[in-house]
$ cat target.txt   # compact mmCIF, C-alpha atoms
# COMPACT_ATOMS: atom_id res chain seq x y z
CA MET A 93 7.89 -35.70 8.23
CA ASN A 94 8.81 -32.86 10.61
CA LYS A 95 12.20 -32.56 8.89
CA LYS A 96 10.53 -32.19 5.47
CA ILE A 97 8.22 -29.47 6.79
CA GLY A 98 11.23 -27.75 8.37
CA ASN A 99 13.03 -27.78 5.03
CA ILE A 100 10.09 -25.93 3.45
CA PHE A 101 9.55 -23.36 6.20
CA LYS A 102 13.15 -22.23 6.59
CA GLY A 103 14.39 -19.06 8.19
CA ASP A 104 13.31 -17.16 11.31
CA LYS A 105 10.54 -19.12 13.04
CA VAL A 106 9.17 -16.03 14.82
CA ILE A 107 8.63 -14.23 11.51
CA TRP A 108 6.93 -17.35 10.17
CA MET A 109 4.55 -17.29 13.17
CA VAL A 110 3.82 -13.57 12.69
CA PHE A 111 3.22 -14.20 8.99
CA PHE A 112 0.88 -17.11 9.76
CA PHE A 113 -1.20 -15.15 12.30
CA LEU A 114 -1.51 -12.12 9.99
CA CYS A 115 -2.69 -14.37 7.14
CA MET A 116 -5.27 -16.08 9.37
CA ILE A 117 -6.56 -12.73 10.63
CA SER A 118 -6.73 -11.57 7.01
CA ILE A 119 -8.86 -14.51 5.87
CA VAL A 120 -11.31 -14.14 8.76
CA GLU A 121 -11.63 -10.35 8.61
CA VAL A 122 -11.75 -10.05 4.81
CA PHE A 123 -14.47 -12.70 4.74
CA SER A 124 -16.43 -10.63 7.26
CA ALA A 125 -15.70 -7.26 5.63
CA SER A 126 -16.56 -8.38 2.08
CA SER A 127 -20.32 -8.41 2.66
CA GLY A 128 -20.75 -5.55 0.18
CA LEU A 129 -18.94 -7.50 -2.54
CA THR A 130 -20.97 -10.65 -1.89
CA TYR A 131 -24.22 -8.66 -2.02
CA LYS A 132 -23.34 -7.02 -5.34
CA SER A 133 -22.18 -10.23 -6.99
CA GLN A 134 -24.66 -12.53 -5.24
CA ASN A 135 -21.70 -14.87 -4.83
CA TYR A 136 -21.04 -15.59 -1.18
CA VAL A 137 -17.97 -17.75 -1.74
CA GLY A 138 -16.28 -15.93 -4.63
CA PRO A 139 -14.66 -12.93 -2.82
CA ILE A 140 -13.17 -14.92 0.06
CA ALA A 141 -12.18 -17.80 -2.24
CA TYR A 142 -10.27 -15.33 -4.42
CA HIS A 143 -8.59 -13.76 -1.40
CA THR A 144 -7.66 -17.14 0.10
CA PHE A 145 -6.22 -18.21 -3.24
CA THR A 146 -4.23 -14.95 -3.40
CA ILE A 147 -2.78 -15.60 0.06
CA PHE A 148 -1.96 -19.17 -0.99
CA LEU A 149 -0.06 -17.81 -4.00
CA GLY A 150 1.64 -15.33 -1.70
CA VAL A 151 2.80 -18.09 0.65
CA LEU A 152 4.19 -20.02 -2.32
CA ALA A 153 5.95 -16.85 -3.50
CA ALA A 154 7.42 -16.38 -0.01
CA ILE A 155 8.69 -19.99 0.04
CA VAL A 156 10.28 -19.60 -3.39
CA THR A 157 11.88 -16.27 -2.42
CA LEU A 158 13.33 -17.51 0.87
CA ASN A 159 15.10 -20.32 -1.00
CA VAL A 160 16.94 -17.76 -3.14
CA PRO A 161 20.26 -16.81 -1.50
CA CYS A 162 20.11 -13.08 -0.76
CA ARG A 163 23.31 -12.42 -2.76
CA TYR A 164 21.35 -13.24 -5.93
CA PHE A 165 18.88 -10.43 -5.22
CA LYS A 166 21.56 -8.03 -6.42
CA LEU A 167 21.43 -9.57 -9.89
CA LEU A 168 17.69 -8.83 -10.12
CA THR A 169 18.04 -5.13 -9.36
CA PRO A 170 18.71 -3.85 -12.94
CA PHE A 171 15.82 -5.90 -14.36
CA LEU A 172 13.43 -4.78 -11.61
CA LEU A 173 14.43 -1.14 -12.10
CA LEU A 174 13.74 -1.41 -15.83
CA LEU A 175 10.44 -3.25 -15.32
CA SER A 176 9.08 -0.94 -12.62
CA GLY A 177 10.23 2.15 -14.55
CA LEU A 178 8.43 1.06 -17.72
CA MET A 179 5.25 0.16 -15.81
CA LEU A 180 5.19 3.49 -13.97
CA LEU A 181 5.72 5.27 -17.30
CA VAL A 182 2.74 3.43 -18.80
CA VAL A 183 0.55 4.57 -15.90
CA MET A 184 1.80 8.17 -16.14
CA LEU A 185 1.04 8.28 -19.88
CA GLY A 186 -2.55 7.23 -19.28
CA GLY A 187 -2.24 3.54 -20.04
CA GLY A 188 -3.37 2.45 -16.58
CA GLU A 189 -6.76 1.35 -15.37
CA SER A 190 -8.68 3.87 -13.24
CA THR A 191 -10.55 3.21 -10.00
CA ASN A 192 -11.96 5.96 -7.74
CA ASP A 193 -10.41 8.74 -9.84
CA ALA A 194 -6.93 7.18 -9.63
CA SER A 195 -5.08 5.37 -12.40
CA ARG A 196 -2.77 2.99 -10.53
CA TRP A 197 -3.21 -0.40 -12.18
CA ILE A 198 -2.15 -2.10 -15.39
CA ARG A 199 -4.38 -4.86 -16.72
CA LEU A 200 -2.77 -7.97 -18.15
CA GLY A 201 -5.60 -10.20 -19.29
CA PRO A 202 -7.68 -11.21 -16.25
CA PHE A 203 -5.05 -9.83 -13.83
CA THR A 204 -4.27 -6.31 -12.66
CA ILE A 205 -0.81 -5.24 -11.48
CA GLN A 206 -0.02 -2.19 -9.36
CA PRO A 207 3.37 -0.88 -10.54
CA SER A 208 3.94 1.15 -7.38
CA GLU A 209 4.06 -2.06 -5.31
CA ILE A 210 6.88 -3.43 -7.46
CA ALA A 211 8.66 -0.05 -7.48
CA LYS A 212 8.67 0.19 -3.67
CA GLY A 213 10.54 -3.07 -3.19
CA THR A 214 12.86 -2.27 -6.09
CA ILE A 215 13.91 1.07 -4.59
CA VAL A 216 14.51 -0.52 -1.17
CA LEU A 217 16.64 -3.18 -2.85
CA THR A 218 18.59 -0.51 -4.77
CA VAL A 219 19.16 1.67 -1.70
CA ALA A 220 20.36 -1.36 0.30
CA GLN A 221 22.94 -2.11 -2.40
CA ILE A 222 24.19 1.49 -2.58
CA LEU A 223 24.50 1.80 1.19
CA ALA A 224 26.29 -1.55 1.44
CA ALA A 225 28.71 -0.81 -1.39
CA MET A 226 29.63 2.65 -0.07
CA GLN A 227 30.13 1.95 3.63
CA ARG A 228 33.36 3.34 5.05
CA ASP A 229 34.97 3.22 8.48
CA LYS A 230 32.96 6.19 9.76
CA GLY A 231 29.74 5.50 7.91
CA ALA A 232 28.47 5.87 4.36
CA ASP A 233 30.43 7.77 1.74
CA ARG A 234 29.01 11.23 1.01
CA LYS A 235 28.40 10.21 -2.61
CA ALA A 236 25.96 7.51 -1.48
CA PHE A 237 23.42 10.24 -0.66
CA LYS A 238 23.53 11.54 -4.24
CA TYR A 239 23.27 8.09 -5.84
CA ILE A 240 20.30 7.14 -3.65
CA LEU A 241 18.39 10.29 -4.59
CA TRP A 242 19.06 9.67 -8.30
CA PHE A 243 16.91 6.55 -8.07
CA THR A 244 14.47 7.56 -5.33
CA ILE A 245 13.29 10.97 -6.50
CA PRO A 246 12.21 9.92 -10.05
CA ALA A 247 10.42 6.86 -8.63
CA CYS A 248 8.60 8.92 -6.00
CA MET A 249 7.61 11.55 -8.57
CA ALA A 250 6.25 8.89 -10.93
CA ILE A 251 4.31 7.21 -8.13
CA GLY A 252 3.14 10.48 -6.56
CA VAL A 253 1.19 11.64 -9.63
CA GLU A 254 -1.49 9.03 -8.93
CA ASN A 255 -0.62 7.83 -5.42
CA LEU A 256 0.88 10.57 -3.26
CA SER A 257 0.64 8.61 0.01
CA THR A 258 2.64 5.70 -1.42
CA ALA A 259 5.34 8.09 -2.66
CA ALA A 260 5.53 9.68 0.81
CA LEU A 261 5.70 6.25 2.42
CA LEU A 262 8.54 5.15 0.13
CA PHE A 263 10.52 8.34 0.72
CA ALA A 264 10.11 7.98 4.50
CA VAL A 265 11.47 4.42 4.33
CA VAL A 266 14.45 5.52 2.21
CA PHE A 267 15.17 8.39 4.62
CA LEU A 268 15.20 5.98 7.58
CA MET A 269 17.42 3.56 5.65
CA MET A 270 19.91 6.37 5.04
CA PHE A 271 19.81 7.22 8.75
CA ILE A 272 20.46 3.58 9.68
CA GLY A 273 23.14 3.40 6.98
CA LEU A 274 25.03 6.28 8.63
CA VAL A 275 24.65 8.76 5.79
CA PRO A 276 26.14 12.08 7.10
CA MET A 277 23.63 13.90 9.31
CA ARG A 278 24.38 17.20 7.60
CA GLN A 279 23.12 15.81 4.30
CA LEU A 280 20.02 14.32 5.95
CA GLY A 281 19.33 17.62 7.70
CA LYS A 282 19.43 19.54 4.41
CA LEU A 283 17.18 16.94 2.80
CA PHE A 284 14.68 17.22 5.65
CA ALA A 285 14.57 21.02 5.28
CA ILE A 286 14.02 20.73 1.51
CA ILE A 287 11.26 18.15 2.01
CA ALA A 288 9.56 20.44 4.54
CA PHE A 289 9.68 23.36 2.10
CA ILE A 290 8.36 21.25 -0.80
CA GLY A 291 5.64 19.83 1.44
CA ILE A 292 4.43 23.27 2.49
CA PHE A 293 4.55 24.48 -1.14
CA ALA A 294 2.69 21.40 -2.41
CA ILE A 295 -0.04 21.69 0.23
CA SER A 296 -0.43 25.38 -0.62
CA MET A 297 -0.79 24.58 -4.33
CA VAL A 298 -3.33 21.84 -3.62
CA MET A 299 -5.40 24.23 -1.51
CA ILE A 300 -5.29 26.84 -4.30
CA VAL A 301 -5.87 24.56 -7.30
CA GLY A 302 -8.28 22.04 -5.73
CA HIS A 303 -12.03 22.63 -5.71
CA ASP A 304 -14.09 22.66 -2.53
CA ARG A 305 -15.74 19.27 -2.89
CA SER A 306 -15.86 16.33 -0.53
CA GLU A 307 -13.87 13.21 -1.37
CA GLU A 308 -17.09 11.28 -2.00
CA GLU A 309 -18.29 13.97 -4.42
CA ASN A 310 -14.93 13.83 -6.26
CA GLN A 311 -15.22 10.07 -6.65
CA GLN A 312 -18.81 10.35 -7.90
CA LEU A 313 -17.75 13.06 -10.37
CA ALA A 314 -14.96 10.84 -11.66
CA LYS A 315 -17.38 7.95 -12.21
CA THR A 316 -19.86 10.05 -14.18
CA GLU A 317 -17.26 11.97 -16.22
CA GLN A 318 -17.39 11.16 -19.93
CA VAL A 319 -14.36 9.63 -21.63
CA GLU A 320 -14.40 12.28 -24.38
CA LYS A 321 -14.14 15.04 -21.85
CA SER A 322 -11.16 13.48 -20.09
CA GLN A 323 -9.34 13.05 -23.40
CA LYS A 324 -9.53 16.79 -24.04
CA LYS A 325 -7.72 17.67 -20.81
CA SER A 326 -4.25 19.13 -21.03
CA LYS A 327 -1.26 17.31 -19.54
CA LEU A 328 -1.19 19.76 -16.63
CA GLU A 329 -4.87 19.14 -15.86
CA LYS A 330 -4.31 15.40 -15.97
CA MET A 331 -1.42 15.69 -13.52
CA LEU A 332 -3.48 17.84 -11.14
CA HIS A 333 -6.74 15.89 -11.41
CA ARG A 334 -6.09 14.43 -7.94
CA ALA A 335 -5.86 17.89 -6.35
CA ASP A 336 -9.58 17.95 -5.52
CA THR A 337 -9.32 14.65 -3.63
CA TRP A 338 -6.14 15.72 -1.80
CA LYS A 339 -7.73 19.02 -0.78
CA ALA A 340 -10.86 17.28 0.47
CA ARG A 341 -8.77 14.95 2.63
CA ILE A 342 -6.68 17.80 4.08
CA MET A 343 -9.77 19.91 4.80
CA LYS A 344 -11.57 16.99 6.41
CA PHE A 345 -8.62 16.11 8.62
CA GLY A 346 -7.98 19.74 9.61
CA LYS A 347 -11.52 20.39 10.81
CA PRO A 348 -12.37 19.91 14.50
CA LYS A 349 -13.75 16.45 15.15
CA PRO A 350 -17.57 16.64 15.13
CA THR A 351 -19.76 15.02 17.74
CA PRO A 352 -21.68 11.87 16.70
CA LYS A 353 -24.83 13.97 16.10
CA GLU A 354 -22.96 16.40 13.84
CA TYR A 355 -21.64 13.78 11.43
CA ASP A 356 -22.97 13.97 7.88
CA LEU A 357 -23.27 10.33 6.89
CA ASP A 358 -23.43 11.31 3.23
CA LYS A 359 -20.25 13.42 3.08
CA ASP A 360 -18.28 11.81 5.91
CA ALA A 361 -19.47 8.24 5.44
CA GLN A 362 -16.11 6.44 5.67
CA VAL A 363 -14.76 8.30 8.69
CA ALA A 364 -18.11 8.33 10.48
CA HIS A 365 -18.76 4.60 10.15
CA ALA A 366 -15.14 3.79 11.01
CA ASN A 367 -15.58 5.76 14.24
CA ILE A 368 -18.89 4.03 14.95
CA ALA A 369 -17.21 0.65 14.45
CA ILE A 370 -14.44 1.57 16.91
CA VAL A 371 -16.75 3.05 19.54
CA SER A 372 -19.08 0.04 19.50
CA SER A 373 -16.28 -2.51 19.88
CA ALA A 374 -15.72 -2.44 23.66
CA ILE A 375 -12.78 -4.45 25.02
CA VAL A 376 -13.45 -7.89 23.51
CA GLY A 377 -15.41 -6.79 20.44
CA LYS A 378 -18.58 -8.18 18.89
CA GLY A 379 -16.89 -11.36 17.70
CA PRO A 380 -15.57 -12.47 14.29
CA GLY A 381 -18.13 -12.04 11.53
CA LYS A 382 -20.50 -9.91 13.63
CA SER A 383 -19.57 -6.45 12.37
CA THR A 384 -22.45 -4.14 11.46
CA GLU A 385 -20.47 -1.21 10.02
CA ARG A 386 -18.95 -3.38 7.27
CA ASP A 387 -22.19 -2.87 5.32
CA PHE A 388 -21.67 0.91 5.30
CA LEU A 389 -17.89 1.24 4.80
CA ALA A 390 -17.00 1.33 1.10
CA GLN A 391 -13.46 0.05 1.70
CA ALA A 392 -14.13 -2.12 4.75
CA PHE A 393 -12.01 -4.94 3.34
CA SER A 394 -9.07 -2.69 2.38
CA ASP A 395 -8.35 0.86 3.61
CA PHE A 396 -10.54 0.62 6.73
CA ILE A 397 -10.16 -3.04 7.63
CA PHE A 398 -8.46 -2.12 10.92
CA ALA A 399 -11.72 -0.46 12.03
CA ILE A 400 -13.50 -3.77 11.35
CA VAL A 401 -10.77 -5.63 13.27
CA ILE A 402 -11.39 -3.35 16.27
CA GLU A 403 -15.17 -3.73 16.01
CA GLU A 404 -15.05 -7.53 15.88
CA LEU A 405 -11.98 -8.33 18.00
CA GLY A 406 -12.09 -5.37 20.37
CA ILE A 407 -9.22 -3.42 21.87
CA ILE A 408 -7.49 -6.68 22.79
CA GLY A 409 -7.58 -7.95 19.21
CA ALA A 410 -6.43 -4.60 17.82
CA ALA A 411 -3.54 -4.51 20.30
CA ALA A 412 -2.59 -8.04 19.23
CA VAL A 413 -2.43 -6.95 15.58
CA VAL A 414 -0.26 -3.95 16.49
CA PHE A 415 1.97 -6.24 18.57
CA LEU A 416 2.46 -8.58 15.59
CA TYR A 417 3.84 -5.72 13.47
CA ILE A 418 6.09 -4.60 16.34
CA ILE A 419 7.45 -8.14 16.62
CA LEU A 420 8.04 -8.20 12.85
CA LEU A 421 10.12 -5.01 12.98
CA TYR A 422 12.00 -6.21 16.07
CA ARG A 423 12.89 -9.52 14.43
CA CYS A 424 14.08 -7.69 11.29
CA ALA A 425 16.38 -5.62 13.50
CA ARG A 426 17.66 -8.80 15.19
CA ILE A 427 18.29 -10.46 11.84
CA ALA A 428 20.12 -7.36 10.58
CA SER A 429 22.32 -7.33 13.68
CA ARG A 430 23.37 -10.94 12.99
CA CYS A 431 24.37 -10.32 9.38
CA GLU A 432 28.09 -10.20 8.65
CA ASN A 433 27.59 -8.33 5.37
CA ASN A 434 25.94 -4.93 5.03
CA PHE A 435 23.66 -5.62 2.07
CA PRO A 436 21.40 -8.28 3.67
CA ALA A 437 21.25 -6.22 6.87
CA PHE A 438 20.06 -3.09 5.05
CA LEU A 439 17.66 -5.13 2.92
CA ALA A 440 16.00 -6.81 5.93
CA MET A 441 15.61 -3.49 7.74
CA GLY A 442 14.33 -1.69 4.64
CA LEU A 443 11.65 -4.28 3.89
CA GLY A 444 10.66 -4.46 7.55
CA LEU A 445 10.28 -0.68 7.70
CA LEU A 446 8.30 -0.71 4.45
CA LEU A 447 5.72 -3.14 5.85
CA VAL A 448 5.48 -1.67 9.35
CA ILE A 449 5.32 2.02 8.35
CA GLN A 450 2.55 1.25 5.85
CA ALA A 451 0.69 -0.66 8.56
CA THR A 452 1.11 2.34 10.88
CA PHE A 453 -0.34 4.69 8.24
CA ASN A 454 -3.36 2.43 7.74
CA MET A 455 -4.07 2.07 11.46
CA MET A 456 -3.67 5.82 12.08
CA VAL A 457 -6.20 6.55 9.32
CA ALA A 458 -8.68 4.03 10.74
CA VAL A 459 -8.61 5.64 14.22
CA GLY A 460 -8.62 9.22 12.91
CA LEU A 461 -5.01 10.18 13.66
CA ALA A 462 -4.12 10.79 9.98
CA PRO A 463 -5.99 11.92 6.84
CA VAL A 464 -7.36 9.22 4.58
CA THR A 465 -4.45 7.93 2.47
CA GLY A 466 -5.76 4.84 0.70
CA GLN A 467 -3.00 2.61 2.10
CA PRO A 468 -4.06 -1.02 2.71
CA LEU A 469 -3.01 -2.91 5.84
CA PRO A 470 -0.10 -5.15 4.73
CA LEU A 471 -0.82 -8.90 4.79
CA ILE A 472 -4.36 -8.31 6.14
CA SER A 473 -6.26 -6.12 3.66
CA LYS A 474 -7.80 -7.69 0.58
CA GLY A 475 -5.55 -7.30 -2.44
CA GLY A 476 -4.00 -8.93 -5.45
CA THR A 477 -0.61 -7.52 -6.40
CA SER A 478 -0.04 -5.95 -2.98
CA THR A 479 -0.75 -9.18 -1.08
CA ILE A 480 1.56 -11.32 -3.20
CA ILE A 481 4.38 -8.75 -3.26
CA ASN A 482 4.15 -8.23 0.52
CA CYS A 483 4.55 -12.01 0.85
CA VAL A 484 7.63 -11.78 -1.39
CA TYR A 485 9.02 -9.15 1.01
CA ILE A 486 8.50 -11.61 3.88
CA GLY A 487 10.27 -14.28 1.82
CA ALA A 488 13.22 -11.97 1.23
CA ILE A 489 13.49 -11.22 4.96
CA LEU A 490 13.36 -14.96 5.68
CA SER A 491 16.09 -15.52 3.08
CA VAL A 492 18.30 -13.02 4.91
CA SER A 493 17.50 -14.65 8.26
CA ARG A 494 18.35 -18.05 6.83
CA SER A 495 21.79 -16.96 5.59
CA ALA A 496 22.50 -15.04 8.81
CA LYS A 497 21.57 -18.09 10.89
CA MET A 498 23.75 -20.36 8.77
CA LYS A 499 26.75 -18.03 9.26
CA LYS A 500 26.15 -18.00 13.02
CA GLU A 501 26.01 -21.81 13.08
CA VAL A 502 29.29 -22.03 11.11
CA GLN A 503 30.97 -19.68 13.58
CA GLU A 504 29.71 -21.76 16.53
CA ASP A 505 31.04 -24.95 14.90
CA LYS A 506 34.46 -23.32 14.46
CA VAL A 507 34.51 -22.28 18.13
CA LEU A 508 33.60 -25.83 19.23
CA LYS A 509 36.34 -27.33 17.05
CA ASN A 510 38.94 -24.96 18.45
$ encode --input "target.txt" --output "structure tokens"
Amino acid sequence: MNKKIGNIFKGDKVIWMVFFFLCMISIVEVFSASSGLTYKSQNYVGPIAYHTFTIFLGVLAAIVTLNVPCRYFKLLTPFLLLLSGLMLLVVMLGGGESTNDASRWIRLGPFTIQPSEIAKGTIVLTVAQILAAMQRDKGADRKAFKYILWFTIPACMAIGVENLSTAALLFAVVFLMMFIGLVPMRQLGKLFAIIAFIGIFAISMVMIVGHDRSEEENQQLAKTEQVEKSQKKSKLEKMLHRADTWKARIMKFGKPKPTPKEYDLDKDAQVAHANIAIVSSAIVGKGPGKSTERDFLAQAFSDFIFAIVIEELGIIGAAAVVFLYIILLYRCARIASRCENNFPAFLAMGLGLLLVIQATFNMMVAVGLAPVTGQPLPLISKGGTSTIINCVYIGAILSVSRSAKMKKEVQEDKVLKN
């Protein structure tokens, strides 16, 4: 019986344990944080049943993925590039489904798919292949830098129109992958300078073009806007329709932190209630399911779920969650170091960085160290496409760990025979 279970849950056992604990935390905390959804639908089982089913599908997807030898991932790259490119194009041309003034989803019957989630993994897979194929004795070939940007920049531009934080996250991961892949530092230095210039220019344009409205007012305006009016907008106006939200987030983050009495619970509802949740947590927290701020946070089960984790599990529970992500990244580095071939090593590190950097963004937003970005907490926040695809990333890392372990065992057998 134990052997059969071991055949199913192959690969790095530590990553499996991290994956298991994150999924369990997700089920408990999403169930607690979904009180607003249960109140609106008057269905107390529906939201958590859907989320549990999504995690179950994600675990199945991870098991299927880990049983695919990592060398076959290369064959999927052209198809994934074509698929993600077409889906991003559909969203850019207005064929996506809008939520909170952002068109990021494509509806296929009863299901919604977020193209940016597929594109992130596809770009990491592509970059890993380029870096692996162009490794030389002293590092990556200078042409690798150019080829990587050919794929990364169009993807980030397509994603950034509706989801700037995801585009920034993806570019940061690719930059770190190039650093790990020994792309010449001179090229990376020039890229960093260009990014800094573009960032300053983009922020300046957002501050000039965007209107002085709070993020909550922008979302309310988007909900009440008539369809006929939006259809009359020019292409430029459609591309810049997120400028108001971006400006509101920058302005809110740049202001001095107000005292509890100075908070406007109408304009600063999310940040204010997230801070209240954190302050009221103490060391051990209020206990699972005992959050009070979940009823006031609009995205308690997604963008701000880490604040609910702190409120219910305390500083100790929050530190445990952070530690799980640190372990995940450490194990990815260990797996990469055991790989004989470059491609699986770069793939494991790229996917590990993708998950952990996104988690870092989410946690920094929840505690007020970064402006609101709308990034969910990987493997914990409630989600559909994102949850399943993050599980696929875990499966791919486990596939790499499985092949790396098998190679190590073969080498040990050869040593024993000799």
$ residues_around --input "target.txt" --residues "Ile251 of chain A" --least-positions-apart "6" --cutoff "12 Å" --atoms "only C-alpha atoms" --output "PyMOL selection string"
chain A and resi 176-177+179-184+194-197+206-212+215+244-245+257-263+331
$ closest_residue --input "target.txt" --among "A:Leu471, A:Leu268, A:Ile155, A:Val275" --to "Gln227 of chain A" --atoms "all atoms listed in the file"
A:Val275
$ atom_distance --input "target.txt" --atom1 "atom CA of Pro380 of chain A" --atom2 "atom CA of Gly138 of chain A"
19.2 Å
$ residues_around --input "target.txt" --residues "Asn434 of chain A" --least-positions-apart "2" --cutoff "10 Å" --atoms "only C-alpha atoms" --output "number ranges by chain"
A: 220-221, 223-227, 273, 428-429, 431-432, 436-439
$ atom_distance --input "target.txt" --atom1 "atom CA of Met277 of chain A" --atom2 "atom CA of Arg234 of chain A"
10.2 Å
$ closest_residue --input "target.txt" --among "A:Met456, A:Ile117, A:Ile140, A:Val216" --to "Tyr485 of chain A" --atoms "all atoms listed in the file"
A:Val216
$ residues_around --input "target.txt" --residues "Pro276 of chain A" --least-positions-apart "2" --cutoff "8 Å" --atoms "all atoms listed in the file" --output "PyMOL selection string"
chain A and resi 231-232+234+274+278-280
$ atom_distance --input "target.txt" --atom1 "atom CA of Val156 of chain A" --atom2 "atom CA of Leu416 of chain A"
23.3 Å
$ residues_near_point --input "target.txt" --point "(9.7, -11.9, 3.4)" --cutoff "12 Å" --atoms "only C-alpha atoms" --output "number ranges by chain"
A: 101-104, 107-108, 110-111, 150-160, 162, 213, 420-421, 423-424, 439-444, 446-447, 470-471, 479-494
$ closest_residue --input "target.txt" --among "A:Val122, A:Ala364, A:Leu168, A:Leu149" --to "Val459 of chain A" --atoms "all atoms listed in the file"
A:Ala364
$ residues_around --input "target.txt" --residues "Gln362 of chain A" --least-positions-apart "4" --cutoff "7 Å" --atoms "all atoms listed in the file" --output "PyMOL selection string"
chain A and resi 366+389-390
$ build_atoms --input "target.txt" --residues "segment 403-421 of chain A" --atoms "N, CA and C atoms" --output "PDB file, in the coordinates of the input"
ATOM      1  N   GLU A 403     -13.758  -3.486  15.710  1.00  0.00           N
ATOM      2  CA  GLU A 403     -15.170  -3.730  16.010  1.00  0.00           C
ATOM      3  C   GLU A 403     -15.414  -5.192  16.385  1.00  0.00           C
ATOM      4  N   GLU A 404     -14.776  -6.107  15.675  1.00  0.00           N
ATOM      5  CA  GLU A 404     -15.050  -7.530  15.880  1.00  0.00           C
ATOM      6  C   GLU A 404     -14.170  -8.157  16.966  1.00  0.00           C
ATOM      7  N   LEU A 405     -12.915  -7.722  17.048  1.00  0.00           N
ATOM      8  CA  LEU A 405     -11.980  -8.330  18.000  1.00  0.00           C
ATOM      9  C   LEU A 405     -11.717  -7.463  19.226  1.00  0.00           C
ATOM     10  N   GLY A 406     -12.228  -6.233  19.221  1.00  0.00           N
ATOM     11  CA  GLY A 406     -12.090  -5.370  20.370  1.00  0.00           C
ATOM     12  C   GLY A 406     -10.702  -4.762  20.508  1.00  0.00           C
ATOM     13  N   ILE A 407     -10.509  -4.058  21.605  1.00  0.00           N
ATOM     14  CA  ILE A 407      -9.220  -3.420  21.870  1.00  0.00           C
ATOM     15  C   ILE A 407      -8.130  -4.472  22.021  1.00  0.00           C
ATOM     16  N   ILE A 408      -8.477  -5.608  22.605  1.00  0.00           N
ATOM     17  CA  ILE A 408      -7.490  -6.680  22.790  1.00  0.00           C
ATOM     18  C   ILE A 408      -7.009  -7.206  21.443  1.00  0.00           C
ATOM     19  N   GLY A 409      -7.947  -7.464  20.534  1.00  0.00           N
ATOM     20  CA  GLY A 409      -7.580  -7.950  19.210  1.00  0.00           C
ATOM     21  C   GLY A 409      -6.774  -6.938  18.426  1.00  0.00           C
ATOM     22  N   ALA A 410      -7.169  -5.656  18.517  1.00  0.00           N
ATOM     23  CA  ALA A 410      -6.430  -4.600  17.820  1.00  0.00           C
ATOM     24  C   ALA A 410      -5.011  -4.485  18.358  1.00  0.00           C
ATOM     25  N   ALA A 411      -4.870  -4.568  19.687  1.00  0.00           N
ATOM     26  CA  ALA A 411      -3.540  -4.510  20.300  1.00  0.00           C
ATOM     27  C   ALA A 411      -2.690  -5.692  19.857  1.00  0.00           C
ATOM     28  N   ALA A 412      -3.319  -6.858  19.691  1.00  0.00           N
ATOM     29  CA  ALA A 412      -2.590  -8.040  19.230  1.00  0.00           C
ATOM     30  C   ALA A 412      -2.054  -7.843  17.822  1.00  0.00           C
ATOM     31  N   VAL A 413      -2.865  -7.218  16.947  1.00  0.00           N
ATOM     32  CA  VAL A 413      -2.430  -6.950  15.580  1.00  0.00           C
ATOM     33  C   VAL A 413      -1.247  -5.980  15.584  1.00  0.00           C
ATOM     34  N   VAL A 414      -1.358  -4.912  16.377  1.00  0.00           N
ATOM     35  CA  VAL A 414      -0.260  -3.950  16.490  1.00  0.00           C
ATOM     36  C   VAL A 414       1.004  -4.647  17.001  1.00  0.00           C
ATOM     37  N   PHE A 415       0.840  -5.520  17.985  1.00  0.00           N
ATOM     38  CA  PHE A 415       1.970  -6.240  18.570  1.00  0.00           C
ATOM     39  C   PHE A 415       2.655  -7.135  17.539  1.00  0.00           C
ATOM     40  N   LEU A 416       1.883  -7.732  16.639  1.00  0.00           N
ATOM     41  CA  LEU A 416       2.460  -8.580  15.590  1.00  0.00           C
ATOM     42  C   LEU A 416       3.396  -7.774  14.688  1.00  0.00           C
ATOM     43  N   TYR A 417       2.983  -6.562  14.321  1.00  0.00           N
ATOM     44  CA  TYR A 417       3.840  -5.720  13.470  1.00  0.00           C
ATOM     45  C   TYR A 417       5.080  -5.256  14.234  1.00  0.00           C
ATOM     46  N   ILE A 418       4.924  -4.988  15.534  1.00  0.00           N
ATOM     47  CA  ILE A 418       6.090  -4.600  16.340  1.00  0.00           C
ATOM     48  C   ILE A 418       7.091  -5.751  16.407  1.00  0.00           C
ATOM     49  N   ILE A 419       6.580  -6.963  16.591  1.00  0.00           N
ATOM     50  CA  ILE A 419       7.450  -8.140  16.620  1.00  0.00           C
ATOM     51  C   ILE A 419       8.171  -8.302  15.283  1.00  0.00           C
ATOM     52  N   LEU A 420       7.437  -8.085  14.179  1.00  0.00           N
ATOM     53  CA  LEU A 420       8.040  -8.200  12.850  1.00  0.00           C
ATOM     54  C   LEU A 420       9.216  -7.247  12.693  1.00  0.00           C
ATOM     55  N   LEU A 421       9.038  -5.990  13.095  1.00  0.00           N
ATOM     56  CA  LEU A 421      10.120  -5.010  12.980  1.00  0.00           C
ATOM     57  C   LEU A 421      11.279  -5.369  13.909  1.00  0.00           C
TER      58      LEU A 421
END
